[in-house]
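File shown here: final.txt, holding compact mmCIF, C-alpha atoms.
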# COMPACT_ATOMS: atom_id res chain seq x y z
CA MET G 1 89.07 -158.35 21.18
CA ASN G 2 85.66 -157.88 22.77
CA ILE G 3 83.07 -155.13 22.31
CA ILE G 4 82.07 -153.76 25.72
CA ASP G 5 79.77 -151.09 27.10
CA GLY G 6 80.77 -147.63 28.29
CA GLY G 7 82.13 -145.65 25.36
CA VAL G 8 84.81 -143.19 26.48
CA THR G 9 84.35 -144.13 30.14
CA ALA G 10 84.94 -147.85 29.59
CA PRO G 11 88.73 -147.47 30.09
CA LYS G 12 89.83 -147.26 33.73
CA GLY G 13 90.26 -143.81 35.19
CA PHE G 14 87.95 -141.89 32.85
CA LYS G 15 84.79 -139.95 33.69
CA ALA G 16 82.50 -137.94 31.46
CA SER G 17 79.36 -135.83 31.51
CA GLY G 18 76.98 -134.01 29.22
CA VAL G 19 74.70 -131.19 30.32
CA ALA G 20 72.32 -128.57 28.94
CA CYS G 21 73.45 -125.00 29.51
CA GLY G 22 71.25 -123.08 27.07
CA ILE G 23 73.28 -122.90 23.88
CA LYS G 24 70.82 -125.18 22.09
CA LYS G 25 67.08 -124.77 22.16
CA ASN G 26 64.61 -126.97 24.01
CA ASN G 27 66.97 -127.80 26.89
CA ARG G 28 69.04 -130.20 24.80
CA LYS G 29 72.46 -131.24 26.08
CA ASP G 30 75.14 -128.97 24.63
CA LEU G 31 78.28 -129.14 26.77
CA ALA G 32 80.42 -132.21 27.39
CA ILE G 33 83.52 -133.02 29.40
CA VAL G 34 85.65 -136.15 29.12
CA CYS G 35 88.20 -136.31 31.91
CA SER G 36 91.00 -138.59 33.07
CA GLU G 37 91.60 -138.97 36.79
CA ASP G 38 95.26 -138.24 36.15
CA THR G 39 97.16 -136.52 33.37
CA ALA G 40 97.20 -138.61 30.20
CA VAL G 41 99.46 -138.63 27.19
CA ALA G 42 97.55 -137.03 24.36
CA SER G 43 97.52 -136.57 20.61
CA GLY G 44 95.22 -134.93 18.12
CA VAL G 45 94.52 -134.57 14.41
CA PHE G 46 92.87 -131.40 13.13
CA THR G 47 91.09 -130.00 10.09
CA THR G 48 93.20 -129.00 7.11
CA ASN G 49 90.89 -126.06 6.41
CA VAL G 50 92.93 -122.84 6.56
CA VAL G 51 90.02 -121.25 8.44
CA LYS G 52 90.03 -122.73 11.94
CA GLY G 53 87.69 -122.20 14.88
CA HIS G 54 89.07 -120.35 17.89
CA SER G 55 88.53 -123.26 20.27
CA LEU G 56 90.39 -125.53 17.87
CA GLN G 57 93.30 -123.08 17.72
CA VAL G 58 93.64 -123.22 21.49
CA SER G 59 93.65 -127.02 21.51
CA MET G 60 96.29 -127.11 18.79
CA GLU G 61 98.49 -125.00 21.05
CA HIS G 62 97.80 -126.93 24.25
CA ILE G 63 98.35 -130.38 22.81
CA LYS G 64 101.90 -129.58 21.76
CA ASN G 65 103.14 -130.56 25.22
CA GLY G 66 101.85 -134.09 24.63
CA PHE G 67 99.64 -134.29 27.70
CA ALA G 68 96.05 -133.52 28.67
CA ARG G 69 93.70 -134.03 31.58
CA ALA G 70 90.32 -133.26 30.04
CA ILE G 71 88.46 -132.26 26.89
CA VAL G 72 85.64 -129.69 26.99
CA ILE G 73 83.31 -129.48 24.00
CA ASN G 74 80.24 -127.35 23.40
CA SER G 75 77.78 -127.85 20.56
CA GLY G 76 75.35 -125.39 19.00
CA ASN G 77 78.00 -122.73 18.39
CA ALA G 78 81.28 -123.23 16.51
CA ASN G 79 83.09 -120.30 18.16
CA ALA G 80 84.58 -119.59 14.75
CA CYS G 81 85.18 -116.40 12.77
CA VAL G 82 84.23 -114.00 15.59
CA GLY G 83 87.61 -112.29 16.03
CA GLU G 84 89.81 -111.99 19.09
CA ALA G 85 86.88 -112.50 21.45
CA GLY G 86 86.51 -116.10 20.25
CA TYR G 87 90.09 -116.94 21.15
CA LYS G 88 89.76 -115.29 24.57
CA ASP G 89 86.54 -117.18 25.24
CA ALA G 90 88.17 -120.49 24.37
CA LYS G 91 91.09 -119.71 26.69
CA GLU G 92 88.63 -118.85 29.45
CA MET G 93 86.91 -122.21 28.96
CA THR G 94 90.22 -124.00 29.56
CA GLU G 95 91.06 -121.82 32.56
CA LEU G 96 87.72 -122.38 34.28
CA ALA G 97 87.80 -126.13 33.66
CA ALA G 98 91.37 -126.30 34.94
CA GLU G 99 90.44 -124.41 38.11
CA LEU G 100 87.56 -126.79 38.81
CA LEU G 101 89.59 -129.91 37.97
CA HIS G 102 92.69 -128.71 39.84
CA CYS G 103 95.11 -128.88 36.94
CA ASP G 104 96.98 -126.57 34.59
CA ALA G 105 94.98 -124.82 31.84
CA GLN G 106 97.50 -126.18 29.32
CA ASP G 107 96.19 -129.64 30.15
CA ILE G 108 92.64 -128.78 29.04
CA LEU G 109 91.67 -129.29 25.40
CA VAL G 110 88.59 -127.55 24.05
CA ASN G 111 86.45 -127.53 20.94
CA SER G 112 83.17 -126.07 19.71
CA THR G 113 80.79 -127.15 16.97
CA GLY G 114 77.72 -125.57 15.43
CA VAL G 115 76.92 -122.29 13.72
CA ILE G 116 79.86 -120.19 12.48
CA GLY G 117 80.10 -116.43 13.05
CA THR G 118 78.23 -116.13 16.34
CA LYS G 119 79.94 -115.35 19.66
CA LEU G 120 79.64 -117.81 22.50
CA ASN G 121 77.21 -117.02 25.28
CA MET G 122 79.86 -117.12 27.97
CA PRO G 123 77.53 -116.94 30.99
CA SER G 124 75.88 -120.12 29.67
CA ILE G 125 79.26 -121.71 28.93
CA ARG G 126 80.56 -120.94 32.42
CA SER G 127 77.43 -122.39 33.98
CA GLY G 128 77.70 -125.44 31.73
CA ILE G 129 81.31 -126.15 32.64
CA ARG G 130 80.47 -125.98 36.35
CA LEU G 131 77.47 -128.27 35.88
CA ALA G 132 79.48 -130.70 33.75
CA VAL G 133 82.36 -130.94 36.23
CA ASN G 134 79.91 -131.66 39.06
CA ALA G 135 78.19 -134.29 36.91
CA LEU G 136 81.36 -136.20 35.92
CA SER G 137 80.73 -139.92 36.25
CA PRO G 138 82.22 -143.26 35.15
CA GLN G 139 78.81 -143.83 33.53
CA GLY G 140 78.71 -140.45 31.77
CA GLY G 141 80.00 -141.43 28.34
CA SER G 142 76.59 -141.53 26.66
CA ASP G 143 75.65 -138.14 28.11
CA ALA G 144 78.86 -136.67 26.69
CA GLU G 145 78.08 -138.20 23.30
CA GLU G 146 74.59 -136.70 23.30
CA ALA G 147 75.97 -133.28 24.23
CA ILE G 148 78.36 -133.04 21.26
CA MET G 149 75.74 -133.94 18.63
CA THR G 150 74.42 -131.28 16.23
CA THR G 151 72.36 -132.55 13.27
CA ASP G 152 73.24 -136.15 14.16
CA LEU G 153 70.25 -138.46 14.38
CA MET G 154 72.04 -141.34 16.07
CA PRO G 155 74.66 -141.53 18.85
CA LYS G 156 78.10 -142.78 17.92
CA GLU G 157 79.99 -144.60 20.66
CA ILE G 158 81.82 -147.87 21.17
CA ALA G 159 84.37 -149.53 23.44
CA VAL G 160 86.50 -152.65 23.19
CA ASP G 161 88.95 -154.52 25.36
CA ILE G 162 92.06 -156.48 24.41
CA GLU G 163 94.80 -158.28 26.27
CA LEU G 164 98.24 -156.71 26.17
CA GLN G 165 101.16 -158.23 28.09
CA GLY G 166 98.74 -160.15 30.29
CA GLU G 167 96.67 -157.09 31.21
CA THR G 168 93.21 -156.05 30.00
CA VAL G 169 93.42 -152.80 28.04
CA ARG G 170 90.32 -150.87 27.03
CA ILE G 171 89.76 -148.40 24.20
CA GLY G 172 86.59 -146.30 23.98
CA GLY G 173 85.32 -143.66 21.62
CA ILE G 174 82.56 -141.19 20.85
CA ALA G 175 82.07 -139.03 17.78
CA LYS G 176 79.73 -136.54 16.19
CA GLY G 177 79.30 -135.84 12.51
CA SER G 178 76.47 -135.85 10.02
CA GLY G 179 77.07 -133.14 7.42
CA MET G 180 79.82 -130.93 5.99
CA ILE G 181 82.04 -134.01 5.92
CA HIS G 182 84.85 -134.89 3.53
CA PRO G 183 88.37 -136.36 3.98
CA ASN G 184 91.08 -134.26 5.66
CA MET G 185 88.78 -133.88 8.64
CA ALA G 186 85.29 -132.53 8.31
CA THR G 187 82.42 -131.39 10.54
CA MET G 188 83.22 -134.11 12.97
CA ILE G 189 84.69 -134.45 16.42
CA GLY G 190 86.06 -137.68 17.78
CA ILE G 191 87.32 -138.52 21.26
CA ILE G 192 89.23 -141.75 21.85
CA THR G 193 90.21 -142.81 25.36
CA THR G 194 92.35 -145.71 26.50
CA ASP G 195 93.87 -146.93 29.74
CA ALA G 196 96.85 -148.34 27.85
CA ASN G 197 100.35 -147.45 28.97
CA ILE G 198 101.90 -146.27 25.71
CA SER G 199 104.49 -143.67 24.73
CA ARG G 200 103.26 -140.40 23.33
CA SER G 201 105.16 -140.87 20.06
CA LEU G 202 103.57 -144.26 19.40
CA LEU G 203 100.13 -143.03 20.47
CA ASP G 204 100.48 -140.18 17.99
CA LYS G 205 101.61 -142.55 15.26
CA ALA G 206 98.72 -144.93 15.96
CA LEU G 207 96.16 -142.12 15.85
CA LYS G 208 97.40 -140.70 12.57
CA ARG G 209 97.46 -144.14 10.98
CA CYS G 210 93.91 -144.88 12.13
CA VAL G 211 92.54 -141.47 11.13
CA LYS G 212 93.98 -141.80 7.64
CA LYS G 213 92.11 -145.05 7.03
CA THR G 214 88.86 -144.22 8.86
CA PHE G 215 87.79 -140.66 9.66
CA ASN G 216 89.63 -139.41 6.59
CA ARG G 217 87.77 -141.96 4.49
CA VAL G 218 84.30 -140.55 5.13
CA SER G 219 82.53 -138.16 2.76
CA VAL G 220 78.96 -136.95 3.13
CA ASP G 221 78.85 -133.86 0.93
CA GLY G 222 82.37 -132.82 -0.08
CA ASP G 223 82.63 -129.94 2.40
CA THR G 224 85.36 -129.59 5.01
CA SER G 225 84.54 -127.45 8.03
CA VAL G 226 86.64 -125.40 10.45
CA CYS G 227 86.26 -127.05 13.87
CA ASP G 228 87.16 -130.64 13.19
CA SER G 229 89.36 -132.83 15.35
CA VAL G 230 90.05 -136.26 16.75
CA PHE G 231 91.68 -136.48 20.18
CA VAL G 232 93.12 -139.50 21.96
CA LEU G 233 94.01 -139.70 25.66
CA ALA G 234 95.94 -142.62 27.19
CA ASN G 235 96.26 -142.59 31.00
CA GLY G 236 98.14 -145.85 31.62
CA PHE G 237 95.68 -147.13 34.26
CA ALA G 238 95.70 -150.63 32.73
CA ASP G 239 99.22 -151.10 34.16
CA ASN G 240 100.49 -152.98 31.12
CA ASP G 241 104.20 -152.77 30.46
CA ALA G 242 104.80 -149.58 28.53
CA ILE G 243 104.41 -149.87 24.77
CA VAL G 244 107.55 -148.14 23.55
CA LYS G 245 108.36 -149.96 20.32
CA GLU G 246 106.50 -151.12 17.24
CA ASP G 247 106.21 -154.76 18.19
CA TYR G 248 103.39 -157.32 18.27
CA GLU G 249 101.73 -155.66 21.29
CA TYR G 250 101.73 -152.31 19.52
CA SER G 251 100.18 -153.90 16.42
CA LYS G 252 97.38 -155.38 18.56
CA PHE G 253 96.76 -151.95 20.07
CA VAL G 254 96.61 -150.29 16.64
CA ASP G 255 94.25 -152.96 15.31
CA ALA G 256 91.88 -152.35 18.23
CA MET G 257 92.02 -148.57 17.78
CA MET G 258 91.42 -149.06 14.05
CA PHE G 259 88.31 -151.09 14.86
CA VAL G 260 86.99 -148.33 17.13
CA CYS G 261 87.68 -145.59 14.59
CA THR G 262 86.22 -147.63 11.72
CA TYR G 263 83.02 -148.24 13.66
CA LEU G 264 82.59 -144.53 14.42
CA ALA G 265 83.51 -143.42 10.89
CA LYS G 266 80.97 -145.76 9.27
CA LEU G 267 78.27 -144.49 11.63
CA MET G 268 79.00 -140.93 10.48
CA ALA G 269 78.51 -141.90 6.84
CA LYS G 270 75.38 -143.86 7.71
CA ASP G 271 74.05 -140.87 9.65
CA GLY G 272 74.80 -138.37 6.88
CA GLU G 273 72.30 -135.53 6.75
CA GLY G 274 69.18 -136.81 5.03
CA ALA G 275 70.86 -140.13 4.22
CA THR G 276 68.89 -143.28 3.55
CA LYS G 277 71.79 -145.54 2.52
CA LEU G 278 75.40 -146.24 3.54
CA ILE G 279 77.66 -146.61 0.50
CA GLU G 280 81.14 -148.12 0.53
CA ILE G 281 83.22 -147.33 -2.55
CA GLN G 282 86.21 -149.57 -3.18
CA VAL G 283 88.93 -149.25 -5.77
CA ASP G 284 91.40 -151.97 -6.72
CA GLY G 285 94.16 -152.10 -9.31
CA ALA G 286 95.28 -148.47 -8.96
CA GLY G 287 98.82 -147.55 -9.93
CA ASP G 288 99.57 -145.72 -6.70
CA GLU G 289 97.94 -144.46 -3.47
CA SER G 290 97.25 -141.04 -4.94
CA ASP G 291 95.27 -142.43 -7.87
CA ALA G 292 93.34 -144.81 -5.63
CA TYR G 293 92.35 -141.97 -3.31
CA LYS G 294 91.39 -139.67 -6.18
CA VAL G 295 88.98 -142.26 -7.52
CA VAL G 296 87.18 -143.14 -4.29
CA SER G 297 86.93 -139.55 -3.05
CA THR G 298 85.65 -138.20 -6.36
CA VAL G 299 82.99 -140.87 -6.74
CA ALA G 300 81.98 -140.39 -3.10
CA LYS G 301 81.25 -136.69 -3.50
CA SER G 302 79.56 -136.88 -6.90
CA PRO G 303 76.01 -135.52 -6.49
CA LEU G 304 74.90 -137.52 -9.52
CA VAL G 305 76.17 -140.79 -8.11
CA LYS G 306 74.62 -140.07 -4.73
CA THR G 307 71.23 -139.08 -6.15
CA ALA G 308 71.20 -142.15 -8.41
CA ILE G 309 71.68 -144.37 -5.38
CA PHE G 310 68.90 -142.51 -3.56
CA GLY G 311 66.63 -143.04 -6.57
CA GLU G 312 67.68 -146.71 -6.73
CA ASP G 313 68.82 -146.26 -10.34
CA ALA G 314 71.60 -148.57 -11.61
CA ASN G 315 73.13 -145.71 -13.59
CA TRP G 316 76.74 -146.93 -13.54
CA GLY G 317 77.66 -144.35 -16.17
CA ARG G 318 77.64 -141.71 -13.44
CA ILE G 319 80.20 -143.73 -11.49
CA PHE G 320 82.44 -144.13 -14.53
CA THR G 321 82.13 -140.45 -15.37
CA ALA G 322 83.31 -139.48 -11.88
CA VAL G 323 86.28 -141.84 -12.17
CA GLY G 324 87.11 -140.15 -15.45
CA TYR G 325 87.33 -136.62 -14.02
CA SER G 326 88.99 -137.68 -10.77
CA GLY G 327 92.47 -136.87 -12.08
CA ALA G 328 93.64 -140.46 -11.62
CA SER G 329 95.81 -142.07 -14.25
CA PHE G 330 94.09 -145.15 -15.74
CA ASP G 331 92.93 -146.71 -19.00
CA PRO G 332 89.14 -146.47 -19.38
CA ASN G 333 89.23 -149.47 -21.73
CA LEU G 334 90.41 -151.71 -18.91
CA THR G 335 88.08 -150.55 -16.13
CA ASP G 336 85.50 -152.80 -14.49
CA ILE G 337 82.69 -151.60 -12.20
CA TYR G 338 80.57 -153.69 -9.86
CA ILE G 339 77.44 -152.72 -7.96
CA GLY G 340 77.34 -155.21 -5.14
CA ASP G 341 78.58 -158.46 -6.67
CA ILE G 342 77.17 -157.75 -10.14
CA LEU G 343 79.50 -156.64 -12.93
CA VAL G 344 77.84 -153.68 -14.68
CA CYS G 345 80.82 -152.37 -16.69
CA ARG G 346 83.48 -154.62 -18.23
CA ASN G 347 86.58 -153.11 -19.81
CA GLY G 348 84.95 -149.71 -20.06
CA ALA G 349 81.73 -150.86 -21.73
CA ALA G 350 78.31 -151.99 -20.56
CA ALA G 351 78.21 -155.55 -19.29
CA ASN G 352 75.25 -157.81 -19.85
CA PHE G 353 73.59 -157.62 -16.44
CA ASP G 354 70.13 -157.98 -14.93
CA GLU G 355 68.79 -154.48 -14.18
CA ALA G 356 66.21 -155.86 -11.76
CA ALA G 357 68.88 -157.72 -9.79
CA VAL G 358 71.03 -154.61 -9.48
CA LYS G 359 68.01 -152.57 -8.42
CA GLU G 360 67.41 -155.05 -5.60
CA ILE G 361 70.99 -154.45 -4.43
CA ILE G 362 70.55 -150.68 -4.51
CA LYS G 363 67.34 -150.97 -2.49
CA LYS G 364 69.38 -152.21 0.48
CA LYS G 365 70.46 -149.89 3.29
CA GLU G 366 74.14 -150.71 2.73
CA ILE G 367 75.67 -150.86 -0.76
CA VAL G 368 79.16 -151.61 -2.06
CA ILE G 369 80.48 -150.16 -5.34
CA LYS G 370 83.71 -151.74 -6.61
CA ILE G 371 85.96 -150.23 -9.27
CA ASN G 372 88.92 -152.13 -10.73
CA LEU G 373 91.36 -150.01 -12.76
CA LYS G 374 93.63 -152.99 -13.64
CA LYS G 375 96.71 -150.81 -13.62
CA GLY G 376 98.54 -151.75 -10.44
CA ASN G 377 98.15 -153.34 -7.02
CA VAL G 378 96.95 -150.45 -4.84
CA SER G 379 93.53 -150.42 -3.21
CA ASP G 380 91.52 -147.91 -1.18
CA ARG G 381 87.99 -147.40 0.08
CA ILE G 382 85.73 -144.67 1.39
CA TRP G 383 82.31 -144.52 3.05
CA THR G 384 79.64 -142.11 1.93
CA CYS G 385 75.86 -141.89 1.71
CA ASP G 386 73.15 -140.96 -0.74
CA PHE G 387 71.65 -137.50 -1.26
CA SER G 388 67.96 -137.25 -0.46
CA TYR G 389 65.46 -134.39 -0.45
CA ASP G 390 66.04 -134.03 3.27
CA TYR G 391 69.69 -132.99 2.80
CA VAL G 392 68.52 -129.78 1.12
CA LYS G 393 65.83 -129.22 3.76
CA ILE G 394 68.30 -129.62 6.63
CA ASN G 395 70.95 -127.33 5.15
CA GLY G 396 68.52 -124.81 3.72
CA SER G 397 67.44 -123.89 7.23
CA TYR G 398 70.44 -124.93 9.36
CA ARG G 399 70.52 -121.77 11.51
CA SER G 400 66.84 -121.91 12.34
Represent the structure from my file as structure tokens, please.
Amino acid sequence: MNIIDGGVTAPKGFKASGVACGIKKNNRKDLAIVCSEDTAVASGVFTTNVVKGHSLQVSMEHIKNGFARAIVINSGNANACVGEAGYKDAKEMTELAAELLHCDAQDILVNSTGVIGTKLNMPSIRSGIRLAVNALSPQGGSDAEEAIMTTDLMPKEIAVDIELQGETVRIGGIAKGSGMIHPNMATMIGIITTDANISRSLLDKALKRCVKKTFNRVSVDGDTSVCDSVFVLANGFADNDAIVKEDYEYSKFVDAMMFVCTYLAKLMAKDGEGATKLIEIQVDGAGDESDAYKVVSTVAKSPLVKTAIFGEDANWGRIFTAVGYSGASFDPNLTDIYIGDILVCRNGAAANFDEAAVKEIIKKKEIVIKINLKKGNVSDRIWTCDFSYDYVKINGSYRS
């Protein structure tokens, strides 16, 4: 597997664009299109929040047929919680894009991200869709990435190629997400493209497997928003023999998609609102998957753990406390905790460790916390970030 340039337009047969249409201030890009030259098999995973944005609702309906031609995304406005008008506006977005791309409206997926409770400025949206269609380019992946960003400080895109059945297959991806992020989809949008020839059922299975281990293992602040999704389009332009069974070629494809999703997911945690550090929390020795997940997700969203890391304080008691209220079944008297490679808690009690050495670990931009419950053989991990003063500043004035 090789990392290549191009993001979502690295796979054959994909074009993208990102334009400014006036939703955001200061002429920032705010509308993106990612488009396949021909209809692609498609799958998606969506937020578990009962409240769902209107654009997301439309995409959930359209993707049921298993195919899509393009994805239209606006940022700066979530098109959520505005009543029937929001649904009609989202449908109009698909209809206009379909007219311009000469396809059926059912083959257009759409999403919106930004402020909740404000109606879309449809004259701007219409203008943006027209501009974006005219700007579609095989080099447009980075523009599309820029256009879907909200409070993100860094772009999130990657592409790889692999060899399947003697043919070069490419997988590309872009994502946005910086705050309001917690497992079960959060304030994030991901678009994965591939020129692989693969059945819809296996593409769907691959996406769900990858999302479970990557995008659903990111937590910035414990919140789960209403517009969140990951889409994958596969147009078959690589001309590999169709992947229709779970064999070695399918496993190679999944591994490559997992790499792409992992890369994007870690960037979201690293780019968490106000974040100064990327934190990976690992648990080993859990009795089952449920307990392992409870531990990593609870520690990841603990404000006290996150602020301790920001303050570069080796306060492992906060980590142990979060494990204790996670709801997982374990024996505190058997639990070990490591910060980096230094054991700070052995069998539920303070270990004899060098505070200065641990502080040096916590000063780094990337930190690993390891928890061993010594109850079973199940492991899990999650990526999160610290809480800084800037997180409050950003979210205290988000709408301004």
What is the distance, in Å and to one decimal place, between CA of Cys261 (chain G) and CA of Val230 (chain G)? 9.9 Å
Distance of CA of Asn134 (chain G) from CA of Gly66 (chain G), expressed in Å to one decimal place: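 Separation of CA of Gly66 (chain G) and CA of Asn134 (chain G): 26.4 Å.
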For CA of Arg126 (chain G) and CA of Val72 (chain G), the interatomic separation in Å (one decimal):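 Spanning CA of Arg126 (chain G) to CA of Val72 (chain G) is a straight-line distance of 11.5 Å.
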Considering all atoms listed in the file, return as a list in words whatever protein or nucleic-acid residues lie within 8 Å of Lys294 (chain G), sequence-local ones (same chain, fewer than 6 positions apart) excluded.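 That gives Ser326, Gly327 and Ala328 of chain G.
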Please provide as a PyMOL selection string all residues within 12 Å of His102 (chain G), with the sequence filter that same-chain residues fewer than 4 positions apart are discarded (counting only C-alpha atoms). chain G and resi 35+37-39+69-70+94-98+106-108+133
Which protein, DNA or RNA residues are at most 8 Å from (80.0, -141.7, -11.8) in the file's coordinates when you count all atoms listed in the file, listed as a VMD selection string? chain G and resid 299 302 304 to 305 316 to 323
Kindly indicate which residue among G:Ile71, G:Ile129, G:Leu164, G:Ala292 lies nearest to Lys252 (chain G), using only C-alpha atoms for the distances. G:Leu164
